[in-house]
Every structure is written in structure tokens, then in C-alpha cells.
Amino acid sequence: MKKSVWYLGAVAAGMLMVQCNNVDNEELVKFEAVKSAEPLAELVKSVEVVPLETDSVHFVGQNPDLLVCGDGYIVADMQNSRIYHYSADGRFLNSIGSKGNGPREYVAVKDVQCSGNEVTVYAMPDKALVYSVDGNYISTVQAGAPGAQTYAAEGGWLTYYGYGMVSDKRLEYKSLSGEVTGYLPADAKVISLSSPFPVFSDAADGGVLLADSFNPSILKFKNLEVSEYVTFDLGDLAVPESYYEYDDAFKAAESLFASKFAFPRRFFENEDWQFVEIFVQDKMKPAPFYGICGRKGWIWFGPGSEDSPLLFSFRGFDNDGNLLCIVDPSLLSGLPGSIRGKVTDPDVLANAGPEDNYLIFKLRL
């Protein structure tokens with residue numbers, strides 16, 4: 001298995017708790033870069049580990065996405081354009097479509113969405129292929145226009161462009177009747193940093209949430225309107241307003257990457273919890289930090305170390321409210337002891353080899 005290596009720069013440690021922002025308002029959530037995983041460990045009651053079945057054919061590439069679908073999981077290997085369906089206990093069940101140039105195939109996967117017993121694959125070129133969860137092809141839909149990512153919402157499709165693409169809007173909605181509405185002007189000559197990662201997620205109230213490139217606010221799309229949902233106070237790490245004033249995108253990027261900056265890159269929630277990944281770029285040392293908010297407010301934490309399997313592993317909540325991670329078994333030696341001590345079946349970790357398939361961690365909060 002090809003592994004990626006990430007480095008964490010020196011950051012200030014600490015923990016901050018503030019009131020959750022579960023409704024649209026102007027309250028800022030103050031971000032604090034916390035390297036330690038201990039605040040998370042204190043929150044977690046237990047950890048169930050589900051090993052994905054390992055065989056010579058259905059092997060998952062690095063940094064896959066993970067979705068709960070029905071009673072099992074969809075694992076999307078974006079790197080190799082492969083999508084696999086696993087049971088709740090990690091057994092391989094079937095593939096979802098296949099890579100190719102045929103009318104029922106996809107060349108490159110941009111995003112995957114599960115609704116009920118259907119899986120929609122947004123792919124290059126611009127199309128959405130719908131399959132049953134058992135892998136049978138259902139239909140192909142022209143969903144929106146070519147963009148970074150597309151997502152079904154309110155009887156139509158949201159397409160995210162971000163900055164630096166062909167559209168003069170960063171977000172667009174296309175109804176089933178073909179009517180198009182644009183949101184968020186993209187007139188600044190800057191690049192988008194969001195497209196390699198899922199920018200859309202489901203809001204707890206039925207809307208759709210959007211992590212919008214350099215924007216410190218998570219946005220919500222509901223009732224055909226876009227509003228600020230949660231805004232993070234990034235302090236000195238905020239992208240400066242001067243960045244948007246450049247006439248050349250490359251000069252703007254050169255200026256930005258010469259400094260240390262941050263932006264929220266993932267955000268997801270259920271009825272009880274909100275979770276954010278704040279990505280800090282410090283020249284050539286990218287570092288993720290995390291916040292989770294429940295009844296007691298926001299708690300900030302880090303992965304624990306630069307070789308921790310928790311790095312970039314958090315993917316969402318399951319139907320029971322567990323926080324899900326997809327973990328590289330070759331990095332298990334870097335798992336913080338405080339998290340390891342919460343594992344309900346330590347033999348699963350002991351038997352996981354470095355060349356095995358990924359593990360799903362279910363963190364009960």
C-alpha cells in the first residue's frame with residue numbers, strides 16, 4: 001500500500017470551548033491550533049475497529065473517502081477511480097460501477113453520494129451515474145455543469161466551482177427543469193484549494209453544507225438560498241483581504257503561500273455534533289487540526305503526532321452517532337495510547353498488518 005507522509009509544524013497547544021453555533025447567526029467560533037489528541041480521547045467512550053476485508057483485487061488506495069450507505073459502507077478510492085461496497089463488519093460485497101469510457105462507466109470520480117439504496121457517482125466527463133447499492137446500473141443524469149464537485153439537493157444539483165474556473169459564480173444550482181441559479185461571485189483572480197476534498201455535506205436540518213475554498217465560514221444551502229452557517233475566527237491565520245486584490249492568480253498564490261494561513265476544509269454534522277477540519281498551511285508543512293462541538297461547546301484537538309493514523313482520517317458520523325475514521329494500518333504504531341486504550345477489541349489492532357486494507361474506527365462519543 002502506498003502511504004502518504006505529512007508533517008506537522010510547531011503550534012501552540014491549548015483547548016478552547018465555546019458555545020456551538022447550530023443556527024445561522026453572526027457568532028464567531030474561535031479556532032485554536034491544538035496538537036494533542038488528549039481532548040478527543042477524553043470525549044471518546046469507546047472505539048470499535050472494523051477491518052476492511054483484504055484481498056488481491058479490491059485493495060483501497062491512499063486517502064479514500066468513506067460513506068455510510070444502508071447497513072454498510074461505501075469506500076471511494078478517488079485515486080484509482082474505484083468504489084467498493086462493504087458490509088457493517090467489513091466484508092467486501094460488490095463494486096459500484098467501474099472505470100472506463102463506456103456509457104455506464106466513469107473515467108475519474110469527483111464525488112460520491114448515497115441516498116437510501118442508491119449510490120450516485122459524479123464523474124468526469126460531466127455526468128452523474130446512479131447505481132443500486134448492490135452495484136447494478138440504474139441511470140445516467142446530466143447533473144449541472146462541469147465544475148469541481150456536484151451534489152444532489154432540493155430536487156436538483158449543486159455544482160461547486162470555487163475560484164479560478166470557467167464560471168463567474170463559485171456555486172450554482174440547476175433544477176430538474178433546467179433552470180440555473182448562481183451564487184457567490186468568483187471575480188477575484190485567485191485559485192481554489194478545495195476541489196481534491198469533499199466540499200459538500202448534509203446539514204442536520206435537511207440542507208446542504210459547503211466548505212467554500214478560503215472562506216472562514218461554512219455555508220448552508222436551503223430553500224434555494226445560501227447563508228453563512230458557522231464562521232471560524234482564524235486570527236492571524238486568516239487569509240488576508242489583500243490576497244483577493246491581485247490581478248494575477250499566480251502572484252496571488254505566491255504571496256499567500258509565502259505566509260502561514262488556514263481555512264476550514266471539511267465540515268460535517270448530525271443532530272448532536274458538529275465537526276470541522278481546519279487545514280493550516282505553513283509553507284511546505286501542511287497540518288490538520290480538528291474541532292468537535294456538542295452540548296458542552298467546541299473542543300479543539302490534533303492527531304497527536306506527525307505519524308498518527310488519525311491524520312486526515314475523519315469522515316463523518318454513522319447512523320448511531322459514532323464519529324468515523326478510515327485508518328491506514330501501516331501507521332498504527334503512531335496511534336495515541338489514550339485512543340488505543342479505548343479500543344474494545346485490541347486483537348483486531350494486533351492482527352492488522354501494514355499491507356492490509358484500511359480499518360474503520362467507530363468512535364463512540
# chains A, B, ... in the order shown; residues from 1 in each chain; ligands from 1
call {"tool": "select_by_dssp", "arguments": {"residues": "range 266-362 of chain A", "states": "alpha helix (DSSP H)", "output": "PDB file with all heavy atoms, in the first residue's frame"}}
result
ATOM      1  N   GLY A 337      -1.796   6.500  22.625  1.00  0.00           N
ATOM      2  CA  GLY A 337      -2.143   5.474  23.598  1.00  0.00           C
ATOM      3  C   GLY A 337      -3.491   5.708  24.245  1.00  0.00           C
ATOM      4  O   GLY A 337      -4.199   4.757  24.598  1.00  0.00           O
ATOM      5  N   SER A 338      -3.876   6.967  24.401  1.00  0.00           N
ATOM      6  CA  SER A 338      -5.154   7.281  25.025  1.00  0.00           C
ATOM      7  C   SER A 338      -6.327   6.851  24.157  1.00  0.00           C
ATOM      8  O   SER A 338      -7.412   6.538  24.682  1.00  0.00           O
ATOM      9  CB  SER A 338      -5.245   8.779  25.319  1.00  0.00           C
ATOM     10  OG  SER A 338      -5.006   9.531  24.136  1.00  0.00           O
ATOM     11  N   ILE A 339      -6.139   6.840  22.837  1.00  0.00           N
ATOM     12  CA  ILE A 339      -7.159   6.338  21.920  1.00  0.00           C
ATOM     13  C   ILE A 339      -7.093   4.812  21.857  1.00  0.00           C
ATOM     14  O   ILE A 339      -8.123   4.128  21.897  1.00  0.00           O
ATOM     15  CB  ILE A 339      -6.991   6.934  20.519  1.00  0.00           C
ATOM     16  CG1 ILE A 339      -7.109   8.461  20.554  1.00  0.00           C
ATOM     17  CG2 ILE A 339      -8.015   6.339  19.546  1.00  0.00           C
ATOM     18  CD1 ILE A 339      -8.470   8.977  20.923  1.00  0.00           C
ATOM     19  N   ARG A 340      -5.885   4.273  21.777  1.00  0.00           N
ATOM     20  CA  ARG A 340      -5.711   2.822  21.729  1.00  0.00           C
ATOM     21  C   ARG A 340      -6.359   2.158  22.949  1.00  0.00           C
ATOM     22  O   ARG A 340      -6.936   1.069  22.850  1.00  0.00           O
ATOM     23  CB  ARG A 340      -4.221   2.479  21.653  1.00  0.00           C
ATOM     24  CG  ARG A 340      -3.922   0.987  21.489  1.00  0.00           C
ATOM     25  CD  ARG A 340      -2.427   0.747  21.521  1.00  0.00           C
ATOM     26  NE  ARG A 340      -1.771   1.351  20.371  1.00  0.00           N
ATOM     27  CZ  ARG A 340      -1.610   0.737  19.205  1.00  0.00           C
ATOM     28  NH1 ARG A 340      -2.049  -0.502  19.046  1.00  0.00           N
ATOM     29  NH2 ARG A 340      -0.984   1.345  18.222  1.00  0.00           N
ATOM     30  N   PRO A 346      -8.839  -5.143  21.183  1.00  0.00           N
ATOM     31  CA  PRO A 346      -7.442  -4.858  20.837  1.00  0.00           C
ATOM     32  C   PRO A 346      -6.812  -5.911  19.932  1.00  0.00           C
ATOM     33  O   PRO A 346      -5.813  -5.629  19.270  1.00  0.00           O
ATOM     34  CB  PRO A 346      -6.751  -4.789  22.198  1.00  0.00           C
ATOM     35  CG  PRO A 346      -7.645  -5.514  23.144  1.00  0.00           C
ATOM     36  CD  PRO A 346      -9.033  -5.307  22.644  1.00  0.00           C
ATOM     37  N   ASP A 347      -7.374  -7.125  19.876  1.00  0.00           N
ATOM     38  CA  ASP A 347      -6.818  -8.158  18.998  1.00  0.00           C
ATOM     39  C   ASP A 347      -6.932  -7.773  17.535  1.00  0.00           C
ATOM     40  O   ASP A 347      -6.104  -8.188  16.715  1.00  0.00           O
ATOM     41  CB  ASP A 347      -7.533  -9.492  19.233  1.00  0.00           C
ATOM     42  CG  ASP A 347      -7.168 -10.120  20.563  1.00  0.00           C
ATOM     43  OD1 ASP A 347      -6.135  -9.708  21.139  1.00  0.00           O
ATOM     44  OD2 ASP A 347      -7.906 -11.002  21.029  1.00  0.00           O
ATOM     45  N   VAL A 348      -7.958  -6.980  17.188  1.00  0.00           N
ATOM     46  CA  VAL A 348      -8.100  -6.526  15.808  1.00  0.00           C
ATOM     47  C   VAL A 348      -6.906  -5.673  15.408  1.00  0.00           C
ATOM     48  O   VAL A 348      -6.339  -5.824  14.315  1.00  0.00           O
ATOM     49  CB  VAL A 348      -9.411  -5.745  15.617  1.00  0.00           C
ATOM     50  CG1 VAL A 348      -9.494  -5.170  14.203  1.00  0.00           C
ATOM     51  CG2 VAL A 348     -10.609  -6.644  15.889  1.00  0.00           C
ATOM     52  N   LEU A 349      -6.489  -4.779  16.302  1.00  0.00           N
ATOM     53  CA  LEU A 349      -5.314  -3.953  16.016  1.00  0.00           C
ATOM     54  C   LEU A 349      -4.054  -4.802  15.979  1.00  0.00           C
ATOM     55  O   LEU A 349      -3.187  -4.607  15.117  1.00  0.00           O
ATOM     56  CB  LEU A 349      -5.163  -2.862  17.079  1.00  0.00           C
ATOM     57  CG  LEU A 349      -6.249  -1.788  17.148  1.00  0.00           C
ATOM     58  CD1 LEU A 349      -5.859  -0.725  18.153  1.00  0.00           C
ATOM     59  CD2 LEU A 349      -6.499  -1.172  15.796  1.00  0.00           C
ATOM     60  N   ALA A 350      -3.950  -5.757  16.894  1.00  0.00           N
ATOM     61  CA  ALA A 350      -2.753  -6.598  16.960  1.00  0.00           C
ATOM     62  C   ALA A 350      -2.586  -7.439  15.704  1.00  0.00           C
ATOM     63  O   ALA A 350      -1.464  -7.729  15.280  1.00  0.00           O
ATOM     64  CB  ALA A 350      -2.820  -7.503  18.190  1.00  0.00           C
ATOM     65  N   ASN A 351      -3.695  -7.817  15.081  1.00  0.00           N
ATOM     66  CA  ASN A 351      -3.641  -8.672  13.899  1.00  0.00           C
ATOM     67  C   ASN A 351      -3.587  -7.905  12.585  1.00  0.00           C
ATOM     68  O   ASN A 351      -3.500  -8.507  11.513  1.00  0.00           O
ATOM     69  CB  ASN A 351      -4.852  -9.616  13.882  1.00  0.00           C
ATOM     70  CG  ASN A 351      -4.831 -10.605  15.028  1.00  0.00           C
ATOM     71  OD1 ASN A 351      -3.770 -11.027  15.476  1.00  0.00           O
ATOM     72  ND2 ASN A 351      -6.007 -10.971  15.522  1.00  0.00           N
TER      73      ASN A 351
END
call {"tool": "select_by_dssp", "arguments": {"residues": "range 87-122 of chain A", "states": "strand (DSSP E)", "output": "PDB file with C-alpha atoms, in the first residue's frame"}}
result
ATOM      1  CA  PHE A  92     -16.403  -6.940   0.642  1.00  0.00           C
ATOM      2  CA  LEU A  93     -19.830  -7.115  -1.035  1.00  0.00           C
ATOM      3  CA  ASN A  94     -19.540  -5.604  -4.508  1.00  0.00           C
ATOM      4  CA  SER A  95     -18.093  -2.840  -6.657  1.00  0.00           C
ATOM      5  CA  ALA A 108     -12.498   9.887 -12.982  1.00  0.00           C
ATOM      6  CA  VAL A 109     -14.580  10.216  -9.827  1.00  0.00           C
ATOM      7  CA  LYS A 110     -15.226  13.694  -8.427  1.00  0.00           C
ATOM      8  CA  ASP A 111     -17.664  12.828  -5.657  1.00  0.00           C
ATOM      9  CA  VAL A 112     -19.943  10.044  -4.386  1.00  0.00           C
ATOM     10  CA  GLN A 113     -23.318  10.425  -2.677  1.00  0.00           C
ATOM     11  CA  CYS A 114     -25.546   7.786  -1.100  1.00  0.00           C
ATOM     12  CA  SER A 115     -29.290   8.195  -0.637  1.00  0.00           C
ATOM     13  CA  GLU A 118     -28.885   4.304  -4.397  1.00  0.00           C
ATOM     14  CA  VAL A 119     -25.322   5.486  -4.959  1.00  0.00           C
ATOM     15  CA  THR A 120     -24.653   8.436  -7.268  1.00  0.00           C
ATOM     16  CA  VAL A 121     -21.182   8.796  -8.764  1.00  0.00           C
ATOM     17  CA  TYR A 122     -20.291  12.255 -10.071  1.00  0.00           C
TER      18      TYR A 122
END
call {"tool": "residues_around", "arguments": {"residues": "range 245-252 of chain A", "least_positions_apart": "3", "cutoff": "12 Å", "atoms": "only C-alpha atoms", "output": "ChimeraX atom specification"}}
result
/A:163-165,187-192,239-242,255-259
call {"tool": "residues_around", "arguments": {"residues": "Asn63 in chain A", "least_positions_apart": "6", "cutoff": "9 Å", "atoms": "only C-alpha atoms", "output": "list in words"}}
result
Lys3, Ser4, Asp77, Met78, Gln79, Phe312, Ser313, Ile326, Val327 and Asp328 of chain A
call {"tool": "residues_around", "arguments": {"residues": "Lys342 in chain A", "least_positions_apart": "3", "cutoff": "12 Å", "atoms": "only C-alpha atoms", "output": "compact mmCIF listing (two decimals) with N, CA and C atoms, in the first residue's frame"}}
result
# COMPACT_ATOMS: atom_id res chain seq x y z
N LEU A 40 -9.70 14.83 22.49
CA LEU A 40 -10.57 13.86 21.83
C LEU A 40 -10.70 12.60 22.67
N ALA A 41 -9.59 12.10 23.18
CA ALA A 41 -9.60 10.87 23.98
C ALA A 41 -10.50 11.02 25.20
N GLU A 42 -10.51 12.20 25.78
CA GLU A 42 -11.36 12.43 26.95
C GLU A 42 -12.83 12.40 26.58
N LEU A 43 -13.13 12.74 25.33
CA LEU A 43 -14.51 12.77 24.87
C LEU A 43 -15.01 11.39 24.45
N VAL A 44 -14.10 10.55 23.95
CA VAL A 44 -14.47 9.24 23.39
C VAL A 44 -14.69 8.23 24.51
N LYS A 45 -15.82 7.53 24.45
CA LYS A 45 -16.13 6.49 25.44
C LYS A 45 -15.52 5.15 25.05
N SER A 46 -15.57 4.80 23.77
CA SER A 46 -15.01 3.54 23.30
C SER A 46 -14.75 3.63 21.81
N VAL A 47 -13.92 2.71 21.30
CA VAL A 47 -13.58 2.67 19.88
C VAL A 47 -13.79 1.25 19.37
N GLU A 48 -14.66 1.10 18.39
CA GLU A 48 -14.84 -0.19 17.70
C GLU A 48 -14.06 -0.14 16.39
N VAL A 49 -13.29 -1.18 16.11
CA VAL A 49 -12.47 -1.23 14.90
C VAL A 49 -13.06 -2.25 13.94
N LEU A 335 -0.61 5.51 16.73
CA LEU A 335 -1.90 5.78 17.35
C LEU A 335 -1.71 6.20 18.81
N PRO A 336 -2.25 7.36 19.20
CA PRO A 336 -2.08 7.79 20.60
C PRO A 336 -2.57 6.72 21.57
N GLY A 337 -1.80 6.50 22.62
CA GLY A 337 -2.14 5.47 23.60
C GLY A 337 -3.49 5.71 24.25
N SER A 338 -3.88 6.97 24.40
CA SER A 338 -5.15 7.28 25.02
C SER A 338 -6.33 6.85 24.16
N ILE A 339 -6.14 6.84 22.84
CA ILE A 339 -7.16 6.34 21.92
C ILE A 339 -7.09 4.81 21.86
N ASP A 345 -11.79 -4.13 21.08
CA ASP A 345 -11.22 -5.42 20.68
C ASP A 345 -9.77 -5.20 20.23
N PRO A 346 -8.84 -5.14 21.18
CA PRO A 346 -7.44 -4.86 20.84
C PRO A 346 -6.81 -5.91 19.93
N LEU A 349 -6.49 -4.78 16.30
CA LEU A 349 -5.31 -3.95 16.02
C LEU A 349 -4.05 -4.80 15.98
N PHE A 361 -12.51 3.09 12.10
CA PHE A 361 -12.62 3.34 13.53
C PHE A 361 -13.99 4.00 13.79
N LYS A 362 -14.76 3.41 14.71
CA LYS A 362 -16.04 3.98 15.12
C LYS A 362 -15.88 4.50 16.54
N LEU A 363 -15.77 5.81 16.68
CA LEU A 363 -15.55 6.44 17.97
C LEU A 363 -16.89 6.81 18.59
N ARG A 364 -17.23 6.14 19.68
CA ARG A 364 -18.48 6.43 20.37
C ARG A 364 -18.25 7.60 21.32
N LEU A 365 -19.02 8.65 21.13
CA LEU A 365 -18.84 9.89 21.89
C LEU A 365 -19.81 9.95 23.06
call {"tool": "closest_residue", "arguments": {"among": "A:Lys35, A:Arg315, A:Arg82, A:Lys127", "to": "Lys99 in chain A", "atoms": "only C-alpha atoms"}}
result
A:Arg82
call {"tool": "closest_residue", "arguments": {"among": "A:Ala253, A:Gly321, A:Lys222, A:Ser98", "to": "Lys283 in chain A", "atoms": "only C-alpha atoms"}}
result
A:Ala253
call {"tool": "residues_around", "arguments": {"residues": "Phe263 in chain A", "least_positions_apart": "6", "cutoff": "8 Å", "atoms": "only C-alpha atoms", "output": "list in words"}}
result
Ser213, Phe214, Asn215, Pro216, Leu234, Ala238, Val239, Ile278, Phe279 and Val280 of chain A
call {"tool": "write_last_selection", "arguments": {"atoms": "all heavy atoms", "output": "JSON list (two decimals), in the first residue's frame"}}
result
[["chain", "number", "residue", "atom", "x", "y", "z"],
["A", 213, "SER", "N", -13.69, 26.95, -0.27],
["A", 213, "SER", "CA", -12.34, 27.39, -0.57],
["A", 213, "SER", "C", -11.69, 28.10, 0.61],
["A", 213, "SER", "O", -11.57, 27.53, 1.69],
["A", 213, "SER", "CB", -12.34, 28.26, -1.83],
["A", 213, "SER", "OG", -11.07, 28.38, -2.38],
["A", 214, "PHE", "N", -11.30, 29.36, 0.46],
["A", 214, "PHE", "CA", -10.58, 30.09, 1.52],
["A", 214, "PHE", "C", -11.52, 30.72, 2.54],
["A", 214, "PHE", "O", -11.08, 31.38, 3.47],
["A", 214, "PHE", "CB", -9.72, 31.20, 0.91],
["A", 214, "PHE", "CG", -8.85, 30.75, -0.21],
["A", 214, "PHE", "CD1", -9.22, 30.93, -1.54],
["A", 214, "PHE", "CD2", -7.64, 30.12, 0.04],
["A", 214, "PHE", "CE1", -8.41, 30.52, -2.57],
["A", 214, "PHE", "CE2", -6.83, 29.69, -0.99],
["A", 214, "PHE", "CZ", -7.21, 29.90, -2.30],
["A", 215, "ASN", "N", -12.80, 30.57, 2.35],
["A", 215, "ASN", "CA", -13.80, 31.23, 3.18],
["A", 215, "ASN", "C", -13.76, 30.69, 4.61],
["A", 215, "ASN", "O", -13.83, 29.47, 4.82],
["A", 215, "ASN", "CB", -15.19, 30.98, 2.57],
["A", 215, "ASN", "CG", -16.25, 31.90, 3.13],
["A", 215, "ASN", "OD1", -16.13, 32.42, 4.23],
["A", 215, "ASN", "ND2", -17.32, 32.07, 2.37],
["A", 216, "PRO", "N", -13.65, 31.54, 5.63],
["A", 216, "PRO", "CA", -13.66, 31.05, 7.02],
["A", 216, "PRO", "C", -15.04, 30.61, 7.48],
["A", 216, "PRO", "O", -15.18, 30.07, 8.56],
["A", 216, "PRO", "CB", -13.17, 32.26, 7.82],
["A", 216, "PRO", "CG", -13.59, 33.43, 7.01],
["A", 216, "PRO", "CD", -13.43, 33.00, 5.58],
["A", 234, "LEU", "N", -10.09, 32.76, 12.65],
["A", 234, "LEU", "CA", -8.77, 32.17, 12.45],
["A", 234, "LEU", "C", -7.64, 33.07, 12.90],
["A", 234, "LEU", "O", -6.47, 32.70, 12.76],
["A", 234, "LEU", "CB", -8.60, 31.80, 10.97],
["A", 234, "LEU", "CG", -9.66, 30.83, 10.42],
["A", 234, "LEU", "CD1", -9.47, 30.64, 8.92],
["A", 234, "LEU", "CD2", -9.59, 29.49, 11.14],
["A", 238, "ALA", "N", -5.90, 33.88, 9.24],
["A", 238, "ALA", "CA", -6.91, 34.15, 8.22],
["A", 238, "ALA", "C", -6.26, 34.63, 6.93],
["A", 238, "ALA", "O", -5.25, 35.35, 6.94],
["A", 238, "ALA", "CB", -7.90, 35.19, 8.74],
["A", 239, "VAL", "N", -6.83, 34.22, 5.81],
["A", 239, "VAL", "CA", -6.34, 34.70, 4.52],
["A", 239, "VAL", "C", -6.57, 36.20, 4.44],
["A", 239, "VAL", "O", -7.70, 36.68, 4.63],
["A", 239, "VAL", "CB", -7.09, 33.99, 3.37],
["A", 239, "VAL", "CG1", -6.68, 34.57, 2.02],
["A", 239, "VAL", "CG2", -6.81, 32.49, 3.41],
["A", 278, "ILE", "N", -9.65, 21.98, 10.25],
["A", 278, "ILE", "CA", -9.01, 23.24, 9.86],
["A", 278, "ILE", "C", -7.64, 22.90, 9.30],
["A", 278, "ILE", "O", -6.81, 22.29, 9.99],
["A", 278, "ILE", "CB", -8.86, 24.20, 11.06],
["A", 278, "ILE", "CG1", -10.23, 24.52, 11.67],
["A", 278, "ILE", "CG2", -8.14, 25.48, 10.62],
["A", 278, "ILE", "CD1", -11.12, 25.39, 10.82],
["A", 279, "PHE", "N", -7.41, 23.28, 8.07],
["A", 279, "PHE", "CA", -6.14, 22.98, 7.41],
["A", 279, "PHE", "C", -5.23, 24.19, 7.52],
["A", 279, "PHE", "O", -5.59, 25.30, 7.09],
["A", 279, "PHE", "CB", -6.39, 22.65, 5.94],
["A", 279, "PHE", "CG", -5.16, 22.26, 5.19],
["A", 279, "PHE", "CD1", -4.63, 20.99, 5.30],
["A", 279, "PHE", "CD2", -4.52, 23.16, 4.34],
["A", 279, "PHE", "CE1", -3.50, 20.62, 4.59],
["A", 279, "PHE", "CE2", -3.40, 22.81, 3.63],
["A", 279, "PHE", "CZ", -2.88, 21.53, 3.76],
["A", 280, "VAL", "N", -4.07, 24.00, 8.12],
["A", 280, "VAL", "CA", -3.08, 25.07, 8.27],
["A", 280, "VAL", "C", -1.93, 24.80, 7.32],
["A", 280, "VAL", "O", -1.30, 23.75, 7.36],
["A", 280, "VAL", "CB", -2.57, 25.16, 9.73],
["A", 280, "VAL", "CG1", -1.47, 26.22, 9.84],
["A", 280, "VAL", "CG2", -3.72, 25.47, 10.68]]
call {"tool": "decode", "arguments": {"residues": "range 157-242 of chain A", "atoms": "C-alpha atoms", "output": "mmCIF file, in the first residue's frame"}}
result
data_model
loop_
_atom_site.group_PDB
_atom_site.id
_atom_site.type_symbol
_atom_site.label_atom_id
_atom_site.label_comp_id
_atom_site.auth_asym_id
_atom_site.auth_seq_id
_atom_site.Cartn_x
_atom_site.Cartn_y
_atom_site.Cartn_z
ATOM 1 C CA TRP A 157 -27.974 19.672 -8.329
ATOM 2 C CA LEU A 158 -25.454 21.966 -6.707
ATOM 3 C CA THR A 159 -22.208 22.451 -8.603
ATOM 4 C CA TYR A 160 -19.219 23.992 -6.884
ATOM 5 C CA TYR A 161 -16.652 25.828 -8.991
ATOM 6 C CA GLY A 162 -14.615 27.727 -6.446
ATOM 7 C CA TYR A 163 -12.172 30.271 -7.754
ATOM 8 C CA GLY A 164 -10.141 30.087 -10.930
ATOM 9 C CA MET A 165 -12.613 28.070 -13.028
ATOM 10 C CA VAL A 166 -14.760 28.979 -16.021
ATOM 11 C CA SER A 167 -17.800 30.218 -14.092
ATOM 12 C CA ASP A 168 -18.307 33.735 -12.752
ATOM 13 C CA LYS A 169 -20.009 32.123 -9.719
ATOM 14 C CA ARG A 170 -18.477 29.804 -7.123
ATOM 15 C CA LEU A 171 -21.736 27.883 -6.641
ATOM 16 C CA GLU A 172 -24.586 27.044 -8.993
ATOM 17 C CA TYR A 173 -27.940 25.291 -8.592
ATOM 18 C CA LYS A 174 -29.649 23.545 -11.535
ATOM 19 C CA SER A 175 -33.241 22.369 -11.125
ATOM 20 C CA LEU A 176 -34.706 19.297 -12.794
ATOM 21 C CA SER A 177 -36.398 21.616 -15.278
ATOM 22 C CA GLY A 178 -33.022 23.069 -16.246
ATOM 23 C CA GLU A 179 -33.368 26.435 -14.518
ATOM 24 C CA VAL A 180 -29.988 27.690 -13.265
ATOM 25 C CA THR A 181 -29.276 29.977 -10.304
ATOM 26 C CA GLY A 182 -25.795 31.251 -9.452
ATOM 27 C CA TYR A 183 -24.422 32.158 -6.020
ATOM 28 C CA LEU A 184 -21.180 33.631 -4.632
ATOM 29 C CA PRO A 185 -19.254 35.758 -7.175
ATOM 30 C CA ALA A 186 -15.901 34.383 -8.324
ATOM 31 C CA ASP A 187 -14.477 37.607 -9.720
ATOM 32 C CA ALA A 188 -11.265 37.528 -7.638
ATOM 33 C CA LYS A 189 -8.270 36.247 -9.609
ATOM 34 C CA VAL A 190 -7.193 33.523 -7.207
ATOM 35 C CA ILE A 191 -7.006 29.729 -7.245
ATOM 36 C CA SER A 192 -9.243 27.212 -5.483
ATOM 37 C CA LEU A 193 -7.797 24.880 -2.840
ATOM 38 C CA SER A 194 -10.914 22.847 -2.136
ATOM 39 C CA SER A 195 -11.531 20.559 -5.100
ATOM 40 C CA PRO A 196 -9.468 17.485 -4.009
ATOM 41 C CA PHE A 197 -11.662 17.064 -0.915
ATOM 42 C CA PRO A 198 -15.436 16.723 -0.451
ATOM 43 C CA VAL A 199 -16.826 20.236 -0.122
ATOM 44 C CA PHE A 200 -20.487 19.249 0.376
ATOM 45 C CA SER A 201 -22.115 17.512 3.340
ATOM 46 C CA ASP A 202 -25.652 17.081 4.626
ATOM 47 C CA ALA A 203 -26.941 19.547 7.197
ATOM 48 C CA ALA A 204 -28.785 18.101 10.182
ATOM 49 C CA ASP A 205 -31.941 20.017 9.197
ATOM 50 C CA GLY A 206 -32.022 18.744 5.613
ATOM 51 C CA GLY A 207 -29.986 21.490 3.920
ATOM 52 C CA VAL A 208 -26.558 21.108 2.326
ATOM 53 C CA LEU A 209 -23.353 22.494 3.845
ATOM 54 C CA LEU A 210 -20.448 23.839 1.816
ATOM 55 C CA ALA A 211 -16.786 24.359 2.722
ATOM 56 C CA ASP A 212 -16.013 27.212 0.346
ATOM 57 C CA SER A 213 -12.337 27.386 -0.575
ATOM 58 C CA PHE A 214 -10.585 30.091 1.518
ATOM 59 C CA ASN A 215 -13.804 31.231 3.181
ATOM 60 C CA PRO A 216 -13.659 31.048 7.018
ATOM 61 C CA SER A 217 -17.448 30.465 7.000
ATOM 62 C CA ILE A 218 -19.208 27.185 6.376
ATOM 63 C CA LEU A 219 -22.159 27.990 4.138
ATOM 64 C CA LYS A 220 -25.601 26.388 4.064
ATOM 65 C CA PHE A 221 -27.845 25.909 1.050
ATOM 66 C CA LYS A 222 -31.509 25.578 1.954
ATOM 67 C CA ASN A 223 -34.755 26.675 0.299
ATOM 68 C CA LEU A 224 -32.714 27.824 -2.708
ATOM 69 C CA GLU A 225 -30.803 30.330 -0.564
ATOM 70 C CA VAL A 226 -27.186 30.402 0.620
ATOM 71 C CA SER A 227 -26.293 31.750 4.060
ATOM 72 C CA GLU A 228 -23.373 31.724 6.479
ATOM 73 C CA TYR A 229 -23.809 28.854 8.924
ATOM 74 C CA VAL A 230 -20.686 28.667 11.117
ATOM 75 C CA THR A 231 -17.842 31.189 10.907
ATOM 76 C CA PHE A 232 -14.408 30.451 12.359
ATOM 77 C CA ASP A 233 -12.197 33.171 13.778
ATOM 78 C CA LEU A 234 -8.773 32.167 12.448
ATOM 79 C CA GLY A 235 -6.933 35.144 13.930
ATOM 80 C CA ASP A 236 -3.546 35.803 12.321
ATOM 81 C CA LEU A 237 -4.007 32.679 10.168
ATOM 82 C CA ALA A 238 -6.913 34.151 8.225
ATOM 83 C CA VAL A 239 -6.344 34.695 4.517
ATOM 84 C CA PRO A 240 -5.682 38.463 4.189
ATOM 85 C CA GLU A 241 -8.071 40.642 2.189
ATOM 86 C CA SER A 242 -5.107 41.783 0.086
#
